[in-house]
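Structure record follows, encoded as structure tokens.
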Amino acid sequence: MSAAGARLRLVSVSKRFVRAQQGVAAVDDVSLTVEPGELVTLLGPSGCGKTTTLRMVAGFEQPDSGRVLIDEQDVTGLMVYRRSIGFVFQNYALFPHLTVFENVAYGLRVKRLAEATVREKVGRVLALVGLPGYERRFPNQLSGGEQQRVAVARAVVVEPRLLLFDEPLSNLDAKLRVQMREELSRLQRQLAITTIYVTHDQEEAMAISDRIAVMHAGRVAQVGTAHELYRAPRSVFVAQFIGRVNLLPARVLRAEGGRADVLLWGREITLAAADGCETGRTISVVLRPESVGLLSEGAAPPGREIVTPGVVRARTFLGEKVEYSVEVGGVLLQAVSYDPLRHGLVEIGARVQVCCDPASLRPLTDR
Amino acid sequence: MSPAPAEAGATRAALRDPVLAPAVLLLWAAVALFVLYPITRLLLLAFWDGGPTLGAVRELVSSWQHRRALWNSLLLAALVGTTGTALGFAFALLAVRANLPRWVGGALDTIILLPLISPPFTAAIALIFALGPKGLISYHIFGIAALNIYGLGGTWLSETLTYFPIAYLTLKGVLANIDPNLEDSGFSLGARRWRVFRTVTVPLAAPGLANSFLLLSAASLADFATPLILGGTRFPVLPTQAFLQITGLYDMRGGAALSFLLLVPALAVFVAQRWWTERRSVVTVTGKAGAATAVKILSPGAVGLLGLVCAMTVLLVLTFYLLIVAASLVRALGADNSLSAAHYAHVFGGGLKAIRDTLVIAAVCMPVGGLFAVVLGFVVARTSFPGRRALEFAAMINYALPGTIVGIGYLVAFNDPPLALTGTAFILVVCYVFRYSLAGTRATTALLAQIDPSIEEASASLGARRDVTFRRVVLPLIRPALLAGMTVLFIRAMTAISATIFLVSLSWSLVTVRILEGITNLELGQASAFSVLVILLVYAAVLLASLVMRRLNAGSLGQAGSLLGG
């Protein structure tokens, strides 16, 4: 049961929905390529167009413009049922009047496969998702996680060219969600089916994806691996959506040859420049809370770290970590310190030195 | 994220769909031929004579008899709407708010269902037996000979008893949806029972009351059978006048014009009723029902009073039906009370053909109309194509119109070649399918509203075309709606007369027409025997349907019953 993965290409796909006289762009000029066997997540807040994009890939919605290509075959005008896709719905959408076996067998029966083949394939896929022996149950006799597995089994048994997931884990409780996403990830790798996965949960996206396409207001804001997006977000939106972030204002002193010298906390530091780093402009610099260090007054900062004075204004103890709000120059800065049992706690109101390694900073220029 | 579908894109998709487009075309063709065409022919006949003309209507309005008929129809509708709603409200209060033992409620439902599924003349015949010139109750018990039930009084009483179950079923639903906690909060604020009833219960039930009034008025406006028997010449109403104009005077044009006189108030009531129904949903949204508190809105005295009213009504209804049964079993009820099987011998002798015809037509109507109903419901609820709303509306016209209008329209449209269809079984089936499928369509849309569209999308994603999805996924899921739709069609095919009286022939007759003949020939015993047979057949069908429905695990007799209201 290994379908050769297909390459999916979206070319300038747009779709507008008309709501009460005001045109709302649901999907605006989205282009994306998903390589064979790859799992790409569409990540974004609700209303960003990720589900609409997925439904256009499936054929449930028609794009107003642009093209959808599967293995370079233009399927834009093709009806859903001729696209050879597997779709896993948020609510699973199992056929309530059919048993688990008949649910999974449905797509095979539509293809009019021989009964023996149907039995063999259904048996194999149920074993694959860990549900052997469930054949004769009905969907309402299954737990949420079991329904989820049946939905996945039903989608993959037809050996689709593409596997599409629409927020498949959002109806499960937190613990099951982590377990299921690991199983989905394992299954996808095993079957090597090209997959698009829609979620609004950044942790889920980071855990499961080969690459993530962050969507914002109908557009793809940035595509990259989880590491790339976290380390080098290209916009304020991406920086804020993936993980937590401090945005520090810094003035560009010189910009040339892909490097920029900026003034931060009264020190001149050199950063890998982003587009738009023009001399004299004030840009935002990304500083992740866990990259912020707090030192007591008078202590010497390690190595080449830069420092600035601050006052601790709030503290939240969370066991494995402590979160601090530190006032620096009238602005609150988020800082996280791990393993507080070893490093101890800083008191609220304490005067501290805030420090960071310039290597952990990334410039943003979009706002 | 559930974006509203973009009309243009959806339309494109619909037109490309190899299954949807032909299905929609077929539905439109059928509706155009069997709904729009006859109505248009009727309009032309009444208002076109070499050019637009109001001549026929002017002629009618100048006739004193016809003006009276219009006035009588409106008066009767208002009276029946009022008394029927009051009676139905009494029953509903008792059923929902009086903590009756379960079996009492069940028995009540069963008895109240009787008038809804009876052939149209039952109450009228029984009224003649009970209160007529030699009535068992009026003459033999009270010795009153002068009582005249022919006219407004008799028609009003008979229609009230025939149609109050519609009010009961409507208001029962409304009352059951009013959270008793709302009444409890009234009590907690220091109000007494009567005050809470006046200030909480009645205002919340008001849209339901209005809705029920309109439903009953519409039923009364359209009722043909009762005034035909009990109205007589003293109390002409529009449907009977139109019928007599055509069958008595062979004046097709006058009949058409009369039926249009009826159309105006009927449409007004229908539109008002739709408007109320859409408003009602606002009222019933009271969130999650609270804990089942002991209901206290009715004082023991009030329960007693309501109980008395309802018990007397039930007694009257039961007496009526016993009289019908008795009349079918004796030589001539009231005159010669000796047991006789003669009436049933007639029913199963000369009447056998009508019974067979009716059953054949009902048997054909059920699958054809049932399928039409669910396909229409599905297409309207789940697809998007140009003119969807118009199709939904057009398909409802024959249901909304009084049967007399539909019957005359069919008579005008299908009497001559190339569409000489009157008198065939085909036209009878068509008439029932387009007149009584709405229950099935509504049940379908209601059921589909509870089924997530992603289930159908799942089927499509697995390679199933729309017709395959419909057959393998949708149809099994909406079986209860199909069943309800088919049950209603069977009942209507067994009991309707107002439209089909214009369409029967020697080769295809109906039981209801034989009942009418029995009455006009003063063979009330035969008419009773036919009625008893129809009631038994229909009851058996409803019982069977509710057993199957229970197996489908979706609803009960009450639910099926509420679909019979139309």
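How things are named: the first chain in the structure tokens is A, the next is B, and so on; residues count from 1 in each chain; ligands count from 1 in the order shown.
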
- [ ] Would you list, as an MDAnalysis selection string, the residues of range 206-255 of chain A that end up in strand (DSSP E) under DSSP run on this structure's backbone?
- [x] chainID A and resid 211:216 219:224 246:255

TODO: Excluding Tyr81 in chain A and residues on its chain fewer than 5 positions from it, collect all residues at most 9 Å away from it, counting only C-alpha atoms, and give them as number ranges by chain.
DONE: A: 59; B: 459-466

- [ ] Please return, as a list of chain:residue names, all residues of chain A lying within 6 Å of chain B when only C-alpha atoms are considered.
- [x]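 Those within range of chain B come out as A:Phe17, A:Val80, A:Tyr81, A:Ala93, A:Gly107.
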
Task: Selected residue of minimal separation from Arg55 in chain A among A:Ile196, A:Thr308, A:Gly145, A:Gln222, counting only C-alpha atoms - done: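 Going through A:Ile196, A:Thr308, A:Gly145, A:Gln222 one by one, the smallest distance to Arg55 in chain A is for A:Ile196.
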
TODO: Using only C-alpha atoms, determine which residues lie at most 12 Å from range 331-340 of chain A, disregarding the query and same-chain residues fewer than 3 positions distant; provide the list as a count of residues only.
DONE: 44

TODO: One decimal, Å: what's the distance from CA of Met252 in chain B over to CA of Ala362 in chain B, could you say?
DONE: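 Atom-to-atom, CA of Met252 in chain B to CA of Ala362 in chain B, that is 28.5 Å.
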
Open item on the list: List as a list in words the protein and nucleic acid residues near range 118-124 of chain B, meaning an atom at most 7 Å away when only C-alpha atoms are counted, but skip any in the same chain fewer than 4 places from it.
Closed with: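 In the requested format, the answer is Leu114, Ile128, Ser158, Thr162, Ala225, Thr226, Ile229, Leu230, Phe320, Thr495, Ala496, Thr512, Ser531, Val534 and Ile535 of chain B.
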
Open item on the list: If we count only C-alpha atoms and set the cut-off at 10 Å, which residues sit around Arg68 in chain B, ignoring sequence neighbours fewer than 4 positions away in its own chain? Please answer as a list in words.
Closed with: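 In the requested form, the answer reads Val61, Ser63, Trp64, Asn72, Ser73, Leu74, Phe235, Pro236, Val237 and Leu238 of chain B.
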
Open item on the list: List the spatial neighbours of Ala205 in chain B as a VMD selection string - criterion: any atom at most 8 Å away, only C-alpha atoms, same-chain residues fewer than 2 positions off excluded.
Closed with: chain B and resid 171 174 to 175 178 201 to 203 207 to 209

Any chance you could export the current selection's C-alpha atoms as a PDB file, in the first residue's frame?
```
ATOM      1  CA  LEU B 171     -49.513  24.145  19.832  1.00  0.00           C
ATOM      2  CA  VAL B 174     -44.920  25.248  20.845  1.00  0.00           C
ATOM      3  CA  LEU B 175     -45.842  24.668  24.493  1.00  0.00           C
ATOM      4  CA  ILE B 178     -41.406  26.835  26.298  1.00  0.00           C
ATOM      5  CA  THR B 201     -47.143  31.431  28.801  1.00  0.00           C
ATOM      6  CA  VAL B 202     -49.615  33.067  26.436  1.00  0.00           C
ATOM      7  CA  PRO B 203     -47.196  35.688  25.015  1.00  0.00           C
ATOM      8  CA  PRO B 207     -46.912  33.132  17.484  1.00  0.00           C
ATOM      9  CA  GLY B 208     -47.971  29.495  17.709  1.00  0.00           C
ATOM     10  CA  LEU B 209     -51.569  30.525  18.300  1.00  0.00           C
TER      11      LEU B 209
END
```

Task: Top pick for closest residue to Ile283 in chain A, considering A:Leu42, A:Leu176, A:Leu184, A:Ala250 and counting only C-alpha atoms - done: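 Checking each of A:Leu42, A:Leu176, A:Leu184, A:Ala250 against Ile283 in chain A, counting only C-alpha atoms, the winner is A:Ala250.
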
- [ ] Find the residues near Glu38 in chain A: any atom within 10 Å, counting only C-alpha atoms, skip ones fewer than 5 places away on the same chain, and give them as a list in words.
- [x]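 So, after excluding close chain neighbours, the residues are Gly5, Ala6, Arg7, Leu8, Thr33, Gln188, Arg189, Ala192, Ile193, Thr194, Thr195, Ile196, Ser209, Asp210 and Arg211 of chain A.
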
TODO: For CA of Arg137 in chain A and CA of Thr99 in chain A, determine how far apart the two atoms are, in Å to one decimal place.
DONE: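 CA of Thr99 in chain A lies at a distance of 5.3 Å from CA of Arg137 in chain A.
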
Going by DSSP on the backbone, which bits of range 129-240 of chain A are alpha helix (DSSP H)? Write them as a PDB file with C-alpha atoms, in the first residue's frame, please.
```
ATOM      1  CA  GLY A 144     -13.233  10.263  18.991  1.00  0.00           C
ATOM      2  CA  GLY A 145      -9.746   8.880  18.444  1.00  0.00           C
ATOM      3  CA  GLU A 146     -11.108   5.685  16.905  1.00  0.00           C
ATOM      4  CA  GLN A 147     -13.366   7.652  14.564  1.00  0.00           C
ATOM      5  CA  GLN A 148     -10.320   9.655  13.574  1.00  0.00           C
ATOM      6  CA  ARG A 149      -8.435   6.490  12.661  1.00  0.00           C
ATOM      7  CA  VAL A 150     -11.353   5.176  10.621  1.00  0.00           C
ATOM      8  CA  ALA A 151     -11.499   8.489   8.776  1.00  0.00           C
ATOM      9  CA  VAL A 152      -7.789   8.238   7.985  1.00  0.00           C
ATOM     10  CA  ALA A 153      -8.118   4.588   6.970  1.00  0.00           C
ATOM     11  CA  ARG A 154     -11.009   5.454   4.665  1.00  0.00           C
ATOM     12  CA  ALA A 155      -8.981   8.230   3.054  1.00  0.00           C
ATOM     13  CA  VAL A 156      -5.766   6.262   2.472  1.00  0.00           C
ATOM     14  CA  ALA A 174      -5.116  17.632  24.368  1.00  0.00           C
ATOM     15  CA  LYS A 175      -3.409  14.368  25.325  1.00  0.00           C
ATOM     16  CA  LEU A 176      -4.987  12.335  22.522  1.00  0.00           C
ATOM     17  CA  ARG A 177      -4.120  15.106  20.105  1.00  0.00           C
ATOM     18  CA  VAL A 178      -0.403  14.687  20.766  1.00  0.00           C
ATOM     19  CA  GLN A 179      -0.639  10.920  20.423  1.00  0.00           C
ATOM     20  CA  MET A 180      -2.678  11.067  17.226  1.00  0.00           C
ATOM     21  CA  ARG A 181      -0.427  13.600  15.555  1.00  0.00           C
ATOM     22  CA  GLU A 182       2.530  11.315  16.105  1.00  0.00           C
ATOM     23  CA  GLU A 183       0.592   8.434  14.589  1.00  0.00           C
ATOM     24  CA  LEU A 184      -0.482  10.524  11.617  1.00  0.00           C
ATOM     25  CA  SER A 185       3.094  11.615  11.082  1.00  0.00           C
ATOM     26  CA  ARG A 186       4.358   8.022  11.208  1.00  0.00           C
ATOM     27  CA  LEU A 187       1.617   6.817   8.838  1.00  0.00           C
ATOM     28  CA  GLN A 188       2.276   9.605   6.353  1.00  0.00           C
ATOM     29  CA  ARG A 189       5.983   8.856   6.264  1.00  0.00           C
ATOM     30  CA  GLN A 190       5.288   5.147   5.884  1.00  0.00           C
ATOM     31  CA  LEU A 191       2.872   5.629   2.981  1.00  0.00           C
ATOM     32  CA  GLN A 202       1.419  26.142  15.624  1.00  0.00           C
ATOM     33  CA  GLU A 203       2.770  23.430  17.902  1.00  0.00           C
ATOM     34  CA  GLU A 204       0.914  20.762  15.926  1.00  0.00           C
ATOM     35  CA  ALA A 205       2.225  22.264  12.696  1.00  0.00           C
ATOM     36  CA  MET A 206       5.805  22.315  13.951  1.00  0.00           C
ATOM     37  CA  ALA A 207       5.576  18.745  15.199  1.00  0.00           C
ATOM     38  CA  ILE A 208       4.174  17.180  12.077  1.00  0.00           C
ATOM     39  CA  ALA A 226       9.561  24.998  11.395  1.00  0.00           C
ATOM     40  CA  HIS A 227      13.149  25.881  12.236  1.00  0.00           C
ATOM     41  CA  GLU A 228      13.455  28.445   9.470  1.00  0.00           C
ATOM     42  CA  LEU A 229      10.178  30.122  10.395  1.00  0.00           C
ATOM     43  CA  TYR A 230      11.088  30.308  14.068  1.00  0.00           C
ATOM     44  CA  ARG A 231      14.643  31.389  13.517  1.00  0.00           C
ATOM     45  CA  VAL A 236       5.911  40.661  12.140  1.00  0.00           C
ATOM     46  CA  PHE A 237       2.902  38.423  11.590  1.00  0.00           C
ATOM     47  CA  VAL A 238       4.977  35.264  11.197  1.00  0.00           C
ATOM     48  CA  ALA A 239       7.229  36.226  14.087  1.00  0.00           C
ATOM     49  CA  GLN A 240       4.241  36.703  16.366  1.00  0.00           C
TER      50      GLN A 240
END
```

Open item on the list: Rounded to one decimal, what separation in Å do you get between CA of Asn148 in chain B and CA of Gly84 in chain B?
Closed with: 21.7 Å
